[in-house]
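Here's model24.csv, which has CSV, C-alpha atoms:
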```
chain,number,residue,atom,x,y,z
A,68,MET,CA,-50.4,15.5,23.8
A,69,ILE,CA,-48.7,12.7,21.9
A,70,LYS,CA,-47.3,15.2,19.4
A,71,HIS,CA,-45.9,17.3,22.2
A,72,LEU,CA,-44.3,14.2,24.0
A,73,ALA,CA,-42.8,13.0,20.7
A,74,ALA,CA,-41.3,16.5,20.0
A,75,ALA,CA,-39.9,16.7,23.6
A,76,SER,CA,-38.5,13.2,23.3
A,77,LEU,CA,-36.8,14.1,20.0
A,78,LEU,CA,-35.4,17.3,21.5
A,79,LEU,CA,-34.1,15.4,24.6
A,80,THR,CA,-32.4,12.8,22.4
A,81,THR,CA,-30.8,15.4,20.2
A,82,ALA,CA,-29.5,17.3,23.2
A,83,CYS,CA,-28.1,14.1,24.7
A,84,LEU,CA,-26.3,13.3,21.4
A,85,ALA,CA,-24.9,16.8,21.2
A,86,THR,CA,-23.6,16.9,24.7
A,87,GLY,CA,-22.6,13.2,25.1
A,88,PRO,CA,-18.9,12.6,26.1
A,89,ALA,CA,-16.3,11.5,23.6
A,90,THR,CA,-16.1,8.2,25.5
A,91,ALA,CA,-19.4,7.1,23.9
A,92,ALA,CA,-17.5,6.8,20.6
A,93,ASP,CA,-14.0,6.1,21.8
A,94,PRO,CA,-13.6,3.7,24.8
A,95,GLY,CA,-11.0,3.6,27.4
A,96,ILE,CA,-11.6,7.0,29.1
A,97,THR,CA,-13.5,7.9,32.3
A,98,ASP,CA,-13.5,11.1,34.2
A,99,SER,CA,-10.5,9.9,36.1
A,100,GLU,CA,-8.7,7.3,34.0
A,101,ILE,CA,-7.3,6.5,30.5
A,102,LEU,CA,-6.6,2.9,29.7
A,103,ILE,CA,-3.6,1.8,27.7
A,104,GLY,CA,-3.2,-1.8,26.7
A,105,ASP,CA,-0.3,-4.0,25.8
A,106,VAL,CA,0.4,-7.7,25.0
A,107,GLU,CA,3.9,-9.1,25.7
A,108,PRO,CA,5.7,-12.4,26.3
A,109,LEU,CA,5.9,-12.4,30.1
A,110,THR,CA,6.8,-16.1,30.4
A,111,GLY,CA,9.3,-18.3,28.7
A,112,PRO,CA,12.8,-17.2,27.3
A,113,PRO,CA,11.4,-14.2,25.3
A,114,ALA,CA,10.1,-12.8,28.6
A,115,LEU,CA,13.6,-11.1,28.9
A,116,LEU,CA,12.3,-8.9,26.1
A,117,GLY,CA,8.6,-8.6,26.9
A,118,VAL,CA,9.0,-8.0,30.6
A,119,ALA,CA,11.6,-5.3,30.0
A,120,ALA,CA,9.5,-3.6,27.4
A,121,SER,CA,6.5,-3.5,29.8
A,122,ILE,CA,8.8,-2.0,32.5
A,123,GLY,CA,9.6,0.8,30.1
A,124,HIS,CA,5.9,1.5,29.5
A,125,LYS,CA,5.4,1.4,33.3
A,126,ILE,CA,8.2,3.9,33.9
A,127,ALA,CA,6.8,6.4,31.4
A,128,ILE,CA,3.3,5.9,32.8
A,129,ALA,CA,4.5,6.3,36.4
A,130,GLU,CA,6.4,9.5,35.4
A,131,ALA,CA,3.2,10.9,33.7
A,132,ASN,CA,0.9,9.9,36.6
A,133,ALA,CA,3.3,11.5,39.1
A,134,ALA,CA,2.9,14.8,37.2
A,135,GLY,CA,-0.9,14.6,37.3
A,136,GLY,CA,-1.6,12.2,34.5
A,137,ILE,CA,-2.9,13.2,31.1
A,138,ASN,CA,-4.8,16.5,31.6
A,139,GLY,CA,-5.9,15.3,35.0
A,140,ARG,CA,-6.7,11.7,34.1
A,141,LYS,CA,-4.4,9.0,35.5
A,142,ILE,CA,-3.2,6.3,33.1
A,143,LYS,CA,-4.1,2.7,33.8
A,144,TYR,CA,-1.9,0.0,32.2
A,145,VAL,CA,-3.6,-3.2,31.0
A,146,LEU,CA,-1.0,-5.9,30.3
A,147,GLU,CA,-1.6,-9.4,28.8
A,148,ASP,CA,0.9,-12.3,28.5
A,149,ASP,CA,1.1,-14.1,25.2
A,150,GLY,CA,4.0,-16.4,26.0
A,151,TYR,CA,5.4,-15.5,22.6
A,152,VAL,CA,2.6,-17.6,21.0
A,153,THR,CA,1.0,-15.9,18.0
A,154,ALA,CA,-2.5,-17.2,18.7
A,155,ARG,CA,-2.3,-15.8,22.2
A,156,THR,CA,-1.1,-12.5,20.9
A,157,ILE,CA,-4.2,-12.1,18.7
A,158,GLN,CA,-6.4,-13.3,21.6
A,159,GLY,CA,-4.8,-10.8,24.0
A,160,VAL,CA,-5.1,-7.8,21.6
A,161,LYS,CA,-8.8,-8.6,21.0
A,162,LYS,CA,-9.4,-8.9,24.7
A,163,ALA,CA,-7.7,-5.5,25.4
A,164,ILE,CA,-9.8,-3.8,22.7
A,165,ASP,CA,-13.1,-5.6,23.0
A,166,VAL,CA,-13.3,-6.6,26.7
A,167,ASP,CA,-11.0,-4.2,28.6
A,168,LYS,CA,-11.9,-1.5,26.0
A,169,VAL,CA,-8.5,0.3,26.2
A,170,PHE,CA,-8.1,3.7,24.5
A,171,ALA,CA,-4.7,2.9,22.9
A,172,MET,CA,-2.2,0.1,22.5
A,173,LEU,CA,1.6,-0.1,23.1
A,174,GLY,CA,4.3,-2.7,22.5
A,175,ILE,CA,2.9,-5.8,20.8
A,176,SER,CA,5.2,-8.8,21.4
A,177,GLY,CA,7.6,-10.0,18.6
A,178,SER,CA,7.9,-9.6,14.9
A,179,GLY,CA,5.8,-12.6,13.8
A,180,GLN,CA,3.2,-11.8,16.5
A,181,SER,CA,2.8,-8.1,15.5
A,182,ILE,CA,2.5,-9.0,11.8
A,183,ALA,CA,-0.2,-11.6,12.6
A,184,VAL,CA,-2.2,-9.1,14.7
A,185,MET,CA,-2.0,-6.2,12.3
A,186,PRO,CA,-5.4,-6.9,10.7
A,187,VAL,CA,-7.0,-6.7,14.1
A,188,LEU,CA,-5.4,-3.4,15.0
A,189,GLU,CA,-6.1,-1.9,11.5
A,190,LYS,CA,-9.7,-3.0,11.5
A,191,SER,CA,-10.3,-1.6,15.0
A,192,GLY,CA,-8.7,1.8,14.2
A,193,ILE,CA,-7.3,2.0,17.7
A,194,PRO,CA,-4.2,4.3,18.1
A,195,THR,CA,-1.2,2.0,18.4
A,196,VAL,CA,2.5,2.5,18.9
A,197,ILE,CA,4.7,-0.6,18.4
A,198,ASP,CA,8.2,-0.6,19.9
A,199,VAL,CA,9.3,-4.2,20.4
A,200,ALA,CA,9.8,-5.6,16.9
A,201,PRO,CA,10.2,-3.1,14.1
A,202,VAL,CA,9.7,-5.1,10.9
A,203,LYS,CA,8.9,-3.3,7.6
A,204,PHE,CA,5.5,-5.0,7.1
A,205,LEU,CA,4.2,-3.0,10.1
A,206,TRP,CA,4.7,0.4,8.3
A,207,GLU,CA,4.8,-0.6,4.6
A,208,PRO,CA,2.2,0.2,3.5
A,209,ALA,CA,1.5,2.9,6.1
A,210,ARG,CA,-1.6,2.1,8.2
A,211,LYS,CA,-3.5,5.1,9.5
A,212,ASN,CA,-3.6,4.1,13.2
A,213,VAL,CA,-0.3,2.2,13.6
A,214,PHE,CA,3.0,3.8,14.4
A,215,VAL,CA,6.4,2.1,14.9
A,216,VAL,CA,9.3,3.4,17.0
A,217,GLY,CA,12.7,2.0,16.1
A,218,GLN,CA,14.8,0.9,13.1
A,219,SER,CA,14.2,-1.9,10.6
A,220,TYR,CA,15.9,-5.2,11.1
A,221,GLU,CA,17.3,-4.9,7.5
A,222,GLU,CA,18.9,-1.5,8.1
A,223,GLY,CA,20.3,-2.7,11.4
A,224,ILE,CA,21.9,-5.8,9.8
A,225,ILE,CA,23.2,-3.7,6.8
A,226,HIS,CA,24.8,-1.2,9.3
A,227,LEU,CA,26.4,-4.0,11.3
A,228,VAL,CA,27.7,-6.0,8.3
A,229,ASP,CA,29.0,-2.9,6.6
A,230,PHE,CA,31.0,-2.1,9.7
A,231,LEU,CA,32.4,-5.6,10.1
A,232,ALA,CA,33.2,-5.9,6.4
A,233,ASP,CA,35.2,-2.6,6.4
A,234,LYS,CA,36.9,-3.7,9.6
A,235,ASN,CA,37.8,-7.2,8.3
A,236,PRO,CA,38.5,-6.9,4.6
A,237,GLY,CA,39.0,-10.1,2.6
A,238,LYS,CA,37.9,-12.4,5.5
A,239,LYS,CA,35.7,-15.5,5.2
A,240,TRP,CA,32.1,-15.1,6.4
A,241,GLY,CA,29.5,-17.3,8.1
A,242,LEU,CA,25.9,-16.7,8.9
A,243,ILE,CA,23.1,-18.5,10.7
A,244,THR,CA,19.5,-17.3,11.0
A,245,GLN,CA,16.2,-18.4,12.5
A,246,ASP,CA,13.6,-20.0,10.1
A,247,ASP,CA,10.9,-17.4,10.5
A,248,ASP,CA,10.0,-13.8,9.6
A,249,TYR,CA,12.8,-12.5,11.9
A,250,GLY,CA,15.4,-14.7,10.2
A,251,ILE,CA,14.2,-13.7,6.7
A,252,THR,CA,14.7,-10.0,7.4
A,253,VAL,CA,18.1,-10.6,9.0
A,254,ARG,CA,19.2,-12.6,5.9
A,255,ASP,CA,17.8,-10.0,3.5
A,256,GLY,CA,19.9,-7.3,5.1
A,257,PHE,CA,23.0,-9.6,5.1
A,258,ASP,CA,22.6,-10.6,1.5
A,259,SER,CA,22.3,-7.0,0.3
A,260,VAL,CA,25.8,-6.2,1.7
A,261,VAL,CA,27.2,-9.5,0.5
A,262,LYS,CA,26.2,-8.5,-3.0
A,263,ALA,CA,27.4,-4.9,-2.8
A,264,LYS,CA,30.8,-5.7,-1.2
A,265,LYS,CA,31.3,-9.2,-2.8
A,266,LEU,CA,31.8,-10.9,0.6
A,267,ASN,CA,33.2,-14.4,0.7
A,268,VAL,CA,30.4,-16.4,2.5
A,269,VAL,CA,31.7,-19.9,3.3
A,270,TYR,CA,28.9,-21.0,5.6
A,271,SER,CA,25.2,-20.2,5.6
A,272,GLY,CA,22.7,-22.0,7.8
A,273,ASN,CA,19.2,-21.9,9.3
A,274,TYR,CA,18.0,-23.2,12.6
A,275,LYS,CA,14.6,-24.2,13.9
A,276,LYS,CA,12.8,-21.9,16.3
A,277,GLY,CA,13.4,-23.2,19.8
A,278,GLN,CA,16.6,-25.1,18.8
A,279,GLN,CA,19.0,-25.5,21.7
A,280,ASP,CA,21.9,-27.6,20.4
A,281,PHE,CA,24.2,-25.8,17.9
A,282,SER,CA,27.2,-28.2,18.1
A,283,SER,CA,26.7,-29.4,14.6
A,284,ASP,CA,26.1,-25.9,13.2
A,285,MET,CA,29.2,-24.4,14.8
A,286,LEU,CA,31.4,-27.4,13.8
A,287,GLN,CA,30.3,-26.7,10.2
A,288,LEU,CA,31.2,-23.1,10.7
A,289,LYS,CA,34.6,-24.0,11.9
A,290,ASP,CA,35.3,-26.5,9.2
A,291,ALA,CA,34.3,-23.9,6.6
A,292,GLY,CA,37.0,-21.6,7.9
A,293,ALA,CA,34.7,-18.7,8.8
A,294,GLU,CA,36.6,-15.7,10.2
A,295,VAL,CA,33.7,-13.3,10.6
A,296,PHE,CA,30.4,-14.7,12.0
A,297,LEU,CA,26.9,-13.1,12.0
A,298,ALA,CA,25.0,-14.8,14.8
A,299,GLY,CA,21.4,-14.4,13.8
A,300,GLY,CA,19.8,-15.8,16.9
A,301,ILE,CA,17.8,-13.9,19.5
A,302,ILE,CA,18.8,-14.7,23.0
A,303,ALA,CA,19.4,-18.3,24.1
A,304,GLU,CA,20.5,-19.2,20.6
A,305,ASN,CA,23.3,-16.7,20.5
A,306,ILE,CA,24.5,-17.8,23.9
A,307,ALA,CA,24.5,-21.5,22.8
A,308,MET,CA,26.4,-20.6,19.6
A,309,THR,CA,29.0,-18.6,21.4
A,310,LYS,CA,29.6,-21.3,24.0
A,311,GLU,CA,30.0,-23.9,21.3
A,312,LEU,CA,32.6,-21.8,19.5
A,313,GLU,CA,34.4,-21.6,22.8
A,314,LYS,CA,34.4,-25.4,23.1
A,315,LEU,CA,35.8,-25.6,19.6
A,316,ASN,CA,38.5,-23.2,20.6
A,317,ILE,CA,37.8,-20.7,17.9
A,318,LYS,CA,36.8,-17.1,18.2
A,319,PRO,CA,35.7,-15.5,14.9
A,320,VAL,CA,34.8,-11.8,14.9
A,321,THR,CA,31.2,-12.0,15.9
A,322,GLY,CA,28.3,-9.7,15.4
A,323,ILE,CA,24.9,-10.0,17.0
A,324,PHE,CA,21.6,-8.1,16.6
A,325,TRP,CA,19.9,-5.9,19.1
A,326,PRO,CA,17.4,-8.5,20.4
A,327,GLY,CA,20.4,-10.1,22.1
A,328,ARG,CA,22.1,-6.9,23.2
A,329,ILE,CA,21.2,-7.3,26.8
A,330,GLU,CA,23.3,-7.7,29.8
A,331,PRO,CA,22.0,-11.2,30.9
A,332,VAL,CA,23.3,-12.5,27.6
A,333,LEU,CA,26.8,-11.3,28.3
A,334,LYS,CA,26.6,-12.9,31.8
A,335,LEU,CA,25.7,-16.2,30.4
A,336,MET,CA,28.2,-16.1,27.6
A,337,GLY,CA,31.0,-15.3,30.0
A,338,PRO,CA,34.5,-14.6,28.6
A,339,ALA,CA,33.4,-16.1,25.3
A,340,GLY,CA,31.2,-13.0,24.8
A,341,ASP,CA,34.0,-10.5,25.2
A,342,GLY,CA,34.5,-8.2,22.2
A,343,ILE,CA,31.3,-9.2,20.4
A,344,TYR,CA,29.9,-6.4,18.2
A,345,ALA,CA,26.3,-5.3,18.2
A,346,VAL,CA,24.2,-2.7,16.5
A,347,ASP,CA,21.4,-0.7,18.2
A,348,TYR,CA,19.4,2.5,18.1
A,349,VAL,CA,19.1,3.0,21.9
A,350,GLU,CA,21.8,4.2,24.2
A,351,PRO,CA,24.0,1.8,26.2
A,352,PHE,CA,23.6,1.8,29.9
A,353,ALA,CA,27.3,2.4,30.2
A,354,GLY,CA,27.0,5.9,28.7
A,355,ALA,CA,25.8,9.1,30.3
A,356,ALA,CA,22.2,8.8,28.8
A,357,GLY,CA,21.9,5.2,30.0
A,358,LYS,CA,23.0,6.1,33.5
A,359,ALA,CA,20.6,9.0,33.6
A,360,PHE,CA,17.8,6.8,32.6
A,361,LEU,CA,18.5,4.2,35.3
A,362,GLU,CA,18.6,7.0,37.9
A,363,LYS,CA,15.2,8.2,36.7
A,364,ALA,CA,13.7,4.7,36.6
A,365,LYS,CA,14.8,3.5,40.0
A,366,PRO,CA,12.2,5.3,42.2
A,367,LEU,CA,9.4,4.6,39.7
A,368,VAL,CA,9.5,0.7,39.7
A,369,SER,CA,9.9,-2.1,42.2
A,370,GLU,CA,13.3,-3.6,43.0
A,371,ALA,CA,12.5,-6.7,41.0
A,372,GLU,CA,11.4,-4.6,38.0
A,373,PHE,CA,14.6,-2.5,38.2
A,374,LYS,CA,16.7,-5.7,37.9
A,375,GLY,CA,14.7,-6.6,34.8
A,376,ILE,CA,15.6,-3.5,32.9
A,377,ASN,CA,17.4,-3.9,29.6
A,378,ARG,CA,17.5,-2.2,26.2
A,379,TYR,CA,13.9,-3.0,25.5
A,380,THR,CA,13.0,-1.0,28.6
A,381,MET,CA,14.3,2.1,26.7
A,382,THR,CA,12.3,1.3,23.6
A,383,GLY,CA,9.2,0.8,25.6
A,384,TYR,CA,9.8,4.1,27.5
A,385,ALA,CA,10.3,6.1,24.3
A,386,ALA,CA,7.2,4.7,22.7
A,387,ALA,CA,5.0,5.4,25.7
A,388,LYS,CA,6.3,8.9,26.0
A,389,VAL,CA,5.4,9.6,22.4
A,390,LEU,CA,1.9,8.1,22.8
A,391,ILE,CA,1.2,9.9,26.1
A,392,ALA,CA,2.3,13.3,24.6
A,393,ALA,CA,0.0,12.8,21.6
A,394,ILE,CA,-3.0,12.1,23.8
A,395,GLU,CA,-2.1,15.0,26.0
A,396,ARG,CA,-2.1,17.4,23.1
A,397,CYS,CA,-5.7,16.5,22.4
A,398,GLY,CA,-6.9,18.3,25.5
A,399,LYS,CA,-9.7,17.4,27.9
A,400,GLN,CA,-11.7,15.2,25.5
A,401,PRO,CA,-9.1,13.1,23.5
A,402,THR,CA,-10.4,10.9,20.7
A,403,TRP,CA,-8.8,8.2,18.6
A,404,ALA,CA,-8.9,10.5,15.6
A,405,CYS,CA,-7.2,13.3,17.4
A,406,THR,CA,-4.6,11.0,19.0
A,407,ILE,CA,-3.7,9.5,15.6
A,408,SER,CA,-3.5,13.0,14.1
A,409,GLU,CA,-1.2,14.2,16.9
A,410,LEU,CA,1.0,11.1,16.6
A,411,GLU,CA,1.4,11.9,12.9
A,412,LYS,CA,2.5,15.4,13.9
A,413,THR,CA,5.2,14.1,16.2
A,414,LYS,CA,8.4,16.0,15.4
A,415,ASN,CA,11.9,15.6,17.0
A,416,VAL,CA,10.5,14.4,20.3
A,417,GLU,CA,13.4,13.9,22.8
A,418,THR,CA,13.1,10.9,25.1
A,419,GLY,CA,16.7,10.8,26.4
A,420,VAL,CA,17.2,7.1,25.4
A,421,MET,CA,17.6,7.4,21.6
A,422,ALA,CA,17.8,10.0,18.8
A,423,PRO,CA,14.7,12.3,18.5
A,424,ILE,CA,11.5,10.6,17.3
A,425,SER,CA,9.5,11.9,14.3
A,426,PHE,CA,6.6,10.7,12.2
A,427,GLY,CA,4.7,12.7,9.5
A,428,PRO,CA,1.9,12.6,6.9
A,429,GLY,CA,1.9,9.0,5.6
A,430,VAL,CA,5.0,8.3,7.7
A,431,ARG,CA,4.4,5.7,10.4
A,432,PHE,CA,8.1,4.7,11.1
A,433,SER,CA,10.5,6.7,13.2
A,434,ASN,CA,13.6,5.5,11.4
A,435,GLN,CA,16.0,5.8,14.3
A,436,LYS,CA,19.8,6.5,14.0
A,437,LEU,CA,22.0,3.4,14.5
A,438,GLN,CA,25.3,2.9,16.3
A,439,ILE,CA,27.8,0.1,16.7
A,440,MET,CA,28.7,-1.2,20.2
A,441,GLN,CA,31.1,-3.7,21.6
A,442,ALA,CA,30.8,-6.1,24.5
A,443,ASP,CA,32.9,-5.8,27.6
A,444,ALA,CA,32.6,-9.1,29.5
A,445,ALA,CA,34.4,-7.8,32.6
A,446,THR,CA,31.8,-5.1,33.2
A,447,LEU,CA,28.8,-6.9,31.5
A,448,SER,CA,28.2,-3.9,29.4
A,449,PHE,CA,28.2,-2.6,25.8
A,450,LYS,CA,30.2,0.4,24.9
A,451,PRO,CA,29.9,2.6,21.7
A,452,VAL,CA,32.6,2.0,19.1
A,453,ASN,CA,34.1,5.3,17.9
```
Can you dump the structure from the file as structure tokens?
Amino acid sequence: MIKHLAAASLLLTTACLATGPATAADPGITDSEILIGDVEPLTGPPALLGVAASIGHKIAIAEANAAGGINGRKIKYVLEDDGYVTARTIQGVKKAIDVDKVFAMLGISGSGQSIAVMPVLEKSGIPTVIDVAPVKFLWEPARKNVFVVGQSYEEGIIHLVDFLADKNPGKKWGLITQDDDYGITVRDGFDSVVKAKKLNVVYSGNYKKGQQDFSSDMLQLKDAGAEVFLAGGIIAENIAMTKELEKLNIKPVTGIFWPGRIEPVLKLMGPAGDGIYAVDYVEPFAGAAGKAFLEKAKPLVSEAEFKGINRYTMTGYAAAKVLIAAIERCGKQPTWACTISELEKTKNVETGVMAPISFGPGVRFSNQKLQIMQADAATLSFKPVN
């Protein structure tokens, strides 16, 4: 009898293992839901970026859920606020993976935060698509489970400085950057063009993260005679620099990077921001693609969320579309392994907000096409430069 019971028990255990659902190995899936996690700065000045990115994720998720979800399962979005504090980013990602047990991750705060949390993501093996802060460390070397949508800060700066150098030959240059990973990458891109084109740099400065007063820095820029200025701030810093230049009654040809290419920045700069150049890989809202995106988004989000849309909403939307499509291609029983494999197979996926997105074997970076835009203070918009 004992032998028969043991044999029956073994057969039952084997049958259970053979027929058990994929969710036993890969969390975040029930019969009716798939959980997708994200950690963003939802408070403080960087919330202009984090909130907008999360709205992009929500738009793509709402669009998918309205069409029936992913193979019949509705997507549930689990969002944590890190306040742009690295320790909180790590804590939030660990919570999403270990406590909320999400199936995949999107977004991931800023550049320093995403770099710091990379060991957690890599060790967990969870499918991840990063769209907020594309820095090379995230895809070099390539990590099996982490994909990045966007363009590198270095390439963005190179593209912008190349354009400004060709447009303003023989001019004197000035640069200021933040003293962190973001600032280092901006400076690296700038320095490569300086060397290649032998630019005359008369002022080069760093500012502390969180700095608000740039009166001394801009006075030094003026005294140095800079005629072309690369403002390497993020949001509040670029606004403060531009307003100081206005007070000093000087207006060098100014270039900013895409973190500050958002409409609230132009509003706060006022007339001082008119004509500023920017580089980006997502479409401006003033163009046909941007207008179409806004029309699509309006019925899918609240009125308050719609007002919070900016260029980071587009990057978030594109990344979420790519992730959702990869999970969907895995059929009724998606797994982490299948999702990662399908992400790798992503080829020329159209999202309507940027150039087609592709990855590949050993390629975890989408390498988006760049374009130059110029600010129009009167309409609070950026328009492509032909």
6 Å contact set for stretch 273-286 of chain A, all atoms listed in the file, chain neighbours under 3 positions out, as a VMD selection string: chain A and resid 243 to 246 289 308
How would the residues just picked look written out with C-alpha atoms as a compact mmCIF listing (two decimals), in the coordinates of the input?
```txt
# COMPACT_ATOMS: atom_id res chain seq x y z
CA ILE A 243 23.10 -18.50 10.70
CA THR A 244 19.50 -17.30 11.00
CA GLN A 245 16.20 -18.40 12.50
CA ASP A 246 13.60 -20.00 10.10
CA LYS A 289 34.60 -24.00 11.90
CA MET A 308 26.40 -20.60 19.60
```
For each of A:Ala386, A:Val160, A:Ala119, A:Ile96, take the minimum atom-to-atom distance to A:Pro331, counting only C-alpha atoms, then give the residue where this is smallest.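 Of the candidates, the smallest distance to A:Pro331 is held by A:Ala119.
Distances to A:Leu367 were evaluated for A:Asn132, A:Thr110, A:Asn434, A:Thr195 using all atoms listed in the file, and the minimum falls at A:Asn132.
Atom CA of A:Tyr379 is positioned 23.8 Å from atom CA of A:Pro338.
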Return as a Markdown table the residues of stretch 151-188 of chain A lying at most 10 Å from stretch 390-394 of chain A, together with the closest atom-to-atom pair for each and the distance in Å to one decimal, counting only C-alpha atoms, with rows in chain order and ascending residue number.
```
| residue | atom | partner | partner_atom | distance |
| --- | --- | --- | --- | --- |
| A:Phe170 | CA | A:Ile394 | CA | 9.9 |
| A:Ala171 | CA | A:Leu390 | CA | 8.4 |
| A:Met172 | CA | A:Leu390 | CA | 9.0 |
| A:Leu173 | CA | A:Leu390 | CA | 8.2 |
```
Point-to-point distance in Å for atom CA of A:Trp403 and atom CA of A:Ala385: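 Distance reported for this atom pair: 20.0 Å.
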Compile a residue-level contact table for stretch 396-442 of chain A against stretch 208-226 of chain A at a cut-off of 8 Å, reporting for every qualifying residue the shortest atom pair and its distance in Å to one decimal, with only C-alpha atoms counted, rows ordered by chain and ascending number, as JSON lines.
```
{"residue": "A:Ile407", "atom": "CA", "partner": "A:Asn212", "partner_atom": "CA", "distance": 5.9}
{"residue": "A:Leu410", "atom": "CA", "partner": "A:Phe214", "partner_atom": "CA", "distance": 7.9}
{"residue": "A:Ile424", "atom": "CA", "partner": "A:Val216", "partner_atom": "CA", "distance": 7.5}
{"residue": "A:Gly429", "atom": "CA", "partner": "A:Ala209", "partner_atom": "CA", "distance": 6.1}
{"residue": "A:Val430", "atom": "CA", "partner": "A:Ala209", "partner_atom": "CA", "distance": 6.6}
{"residue": "A:Arg431", "atom": "CA", "partner": "A:Phe214", "partner_atom": "CA", "distance": 4.6}
{"residue": "A:Phe432", "atom": "CA", "partner": "A:Val215", "partner_atom": "CA", "distance": 4.9}
{"residue": "A:Ser433", "atom": "CA", "partner": "A:Val216", "partner_atom": "CA", "distance": 5.2}
{"residue": "A:Asn434", "atom": "CA", "partner": "A:Gln218", "partner_atom": "CA", "distance": 5.0}
{"residue": "A:Gln435", "atom": "CA", "partner": "A:Gln218", "partner_atom": "CA", "distance": 5.2}
{"residue": "A:Lys436", "atom": "CA", "partner": "A:Gln218", "partner_atom": "CA", "distance": 7.6}
{"residue": "A:Leu437", "atom": "CA", "partner": "A:Gly223", "partner_atom": "CA", "distance": 7.1}
```
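Atom CA of A:Arg378 is found 8.5 Å from atom CA of A:Leu116.
Restricting the calculation to all atoms listed in the file, the smallest distance between A:Gly174 and any of A:Met421, A:Ile128, A:Ala120, A:Ile137 is found for A:Ala120.
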In terms of the shortest atom-to-atom distance over only C-alpha atoms, which of A:Gly104, A:Gly375, A:Gly177, A:Gly327 is closest to A:Val118? A:Gly375
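Distance annotation: of A:Phe257, A:Phe373, A:Tyr270, A:Tyr144, the residue with the minimal separation from A:Trp240 is A:Tyr270; atom set is all atoms listed in the file.
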Need the shell around A:Leu266: protein/DNA/RNA residues with any atom at most 12 Å away, counting all atoms listed in the file. Skip same-chain ones fewer than 5 positions apart. Format as a tab-separated table (two decimals) with C-alpha atoms, in the coordinates of the input?
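Below is the file that was written, result10.tsv:
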```tsv
chain	number	residue	atom	x	y	z
A	228	VAL	CA	27.70	-6.00	8.30
A	229	ASP	CA	29.00	-2.90	6.60
A	231	LEU	CA	32.40	-5.60	10.10
A	232	ALA	CA	33.20	-5.90	6.40
A	233	ASP	CA	35.20	-2.60	6.40
A	235	ASN	CA	37.80	-7.20	8.30
A	236	PRO	CA	38.50	-6.90	4.60
A	237	GLY	CA	39.00	-10.10	2.60
A	238	LYS	CA	37.90	-12.40	5.50
A	239	LYS	CA	35.70	-15.50	5.20
A	240	TRP	CA	32.10	-15.10	6.40
A	241	GLY	CA	29.50	-17.30	8.10
A	242	LEU	CA	25.90	-16.70	8.90
A	257	PHE	CA	23.00	-9.60	5.10
A	258	ASP	CA	22.60	-10.60	1.50
A	259	SER	CA	22.30	-7.00	0.30
A	260	VAL	CA	25.80	-6.20	1.70
A	261	VAL	CA	27.20	-9.50	0.50
A	293	ALA	CA	34.70	-18.70	8.80
A	294	GLU	CA	36.60	-15.70	10.20
A	295	VAL	CA	33.70	-13.30	10.60
```
Using only C-alpha atoms, which protein or nucleic acid residues come within 7 Å of A:Thr413? Drop anything in the same chain fewer than 5 positions from it, and give the result as a count of residues only. 3
Find, counting all atoms listed in the file, the residue in A:Val332, A:Ile343, A:Ile306, A:Ala183 that gets nearest to A:Ala442.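 Comparing A:Val332, A:Ile343, A:Ile306, A:Ala183 against A:Ala442, the winner is A:Ile343.
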Give me, as a PyMOL selection string, all polymer residues having an atom no more than 6 Å from stretch 311-325 of chain A, counting only C-alpha atoms and skipping those fewer than 5 positions away in the same chain. chain A and resi 294-298+343-347
Give as an mmCIF file with C-alpha atoms, keeping the file's coordinate frame the set of residues within 7 Å of the point (34.0, -17.4, 24.9), where distances use the file's coordinates and all atoms listed in the file.
```cif
data_model
loop_
_atom_site.group_PDB
_atom_site.id
_atom_site.type_symbol
_atom_site.label_atom_id
_atom_site.label_comp_id
_atom_site.auth_asym_id
_atom_site.auth_seq_id
_atom_site.Cartn_x
_atom_site.Cartn_y
_atom_site.Cartn_z
ATOM 1 C CA THR A 309 29.000 -18.600 21.400
ATOM 2 C CA LYS A 310 29.600 -21.300 24.000
ATOM 3 C CA GLU A 313 34.400 -21.600 22.800
ATOM 4 C CA MET A 336 28.200 -16.100 27.600
ATOM 5 C CA GLY A 337 31.000 -15.300 30.000
ATOM 6 C CA PRO A 338 34.500 -14.600 28.600
ATOM 7 C CA ALA A 339 33.400 -16.100 25.300
ATOM 8 C CA GLY A 340 31.200 -13.000 24.800
ATOM 9 C CA ASP A 341 34.000 -10.500 25.200
#
```
Please, which residues are within 8 Å of (6.4, -3.8, 21.0) by the file's coordinates, counting all atoms listed in the file, and could they come as a PyMOL selection string? chain A and resi 107+117+120+173-177+181+196-201+383
Can you rebuild stretch 433-437 of chain A with N, CA and C atoms and give it as a PDB file, keeping the file's coordinate frame?
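Ended up saving to rebuild-v7.pdb:
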```pdb
ATOM      1  N   SER A 433       9.636   5.675  12.728  1.00  0.00           N
ATOM      2  CA  SER A 433      10.500   6.700  13.200  1.00  0.00           C
ATOM      3  C   SER A 433      11.917   6.728  12.676  1.00  0.00           C
ATOM      4  N   ASN A 434      12.365   5.586  12.108  1.00  0.00           N
ATOM      5  CA  ASN A 434      13.600   5.500  11.400  1.00  0.00           C
ATOM      6  C   ASN A 434      14.804   6.021  12.239  1.00  0.00           C
ATOM      7  N   GLN A 435      15.034   5.348  13.375  1.00  0.00           N
ATOM      8  CA  GLN A 435      16.000   5.800  14.300  1.00  0.00           C
ATOM      9  C   GLN A 435      17.474   5.636  13.871  1.00  0.00           C
ATOM     10  N   LYS A 436      18.333   6.524  14.332  1.00  0.00           N
ATOM     11  CA  LYS A 436      19.800   6.500  14.000  1.00  0.00           C
ATOM     12  C   LYS A 436      20.414   5.299  14.720  1.00  0.00           C
ATOM     13  N   LEU A 437      21.334   4.626  14.015  1.00  0.00           N
ATOM     14  CA  LEU A 437      22.000   3.400  14.500  1.00  0.00           C
ATOM     15  C   LEU A 437      23.409   3.732  15.017  1.00  0.00           C
TER      16      LEU A 437
END
```
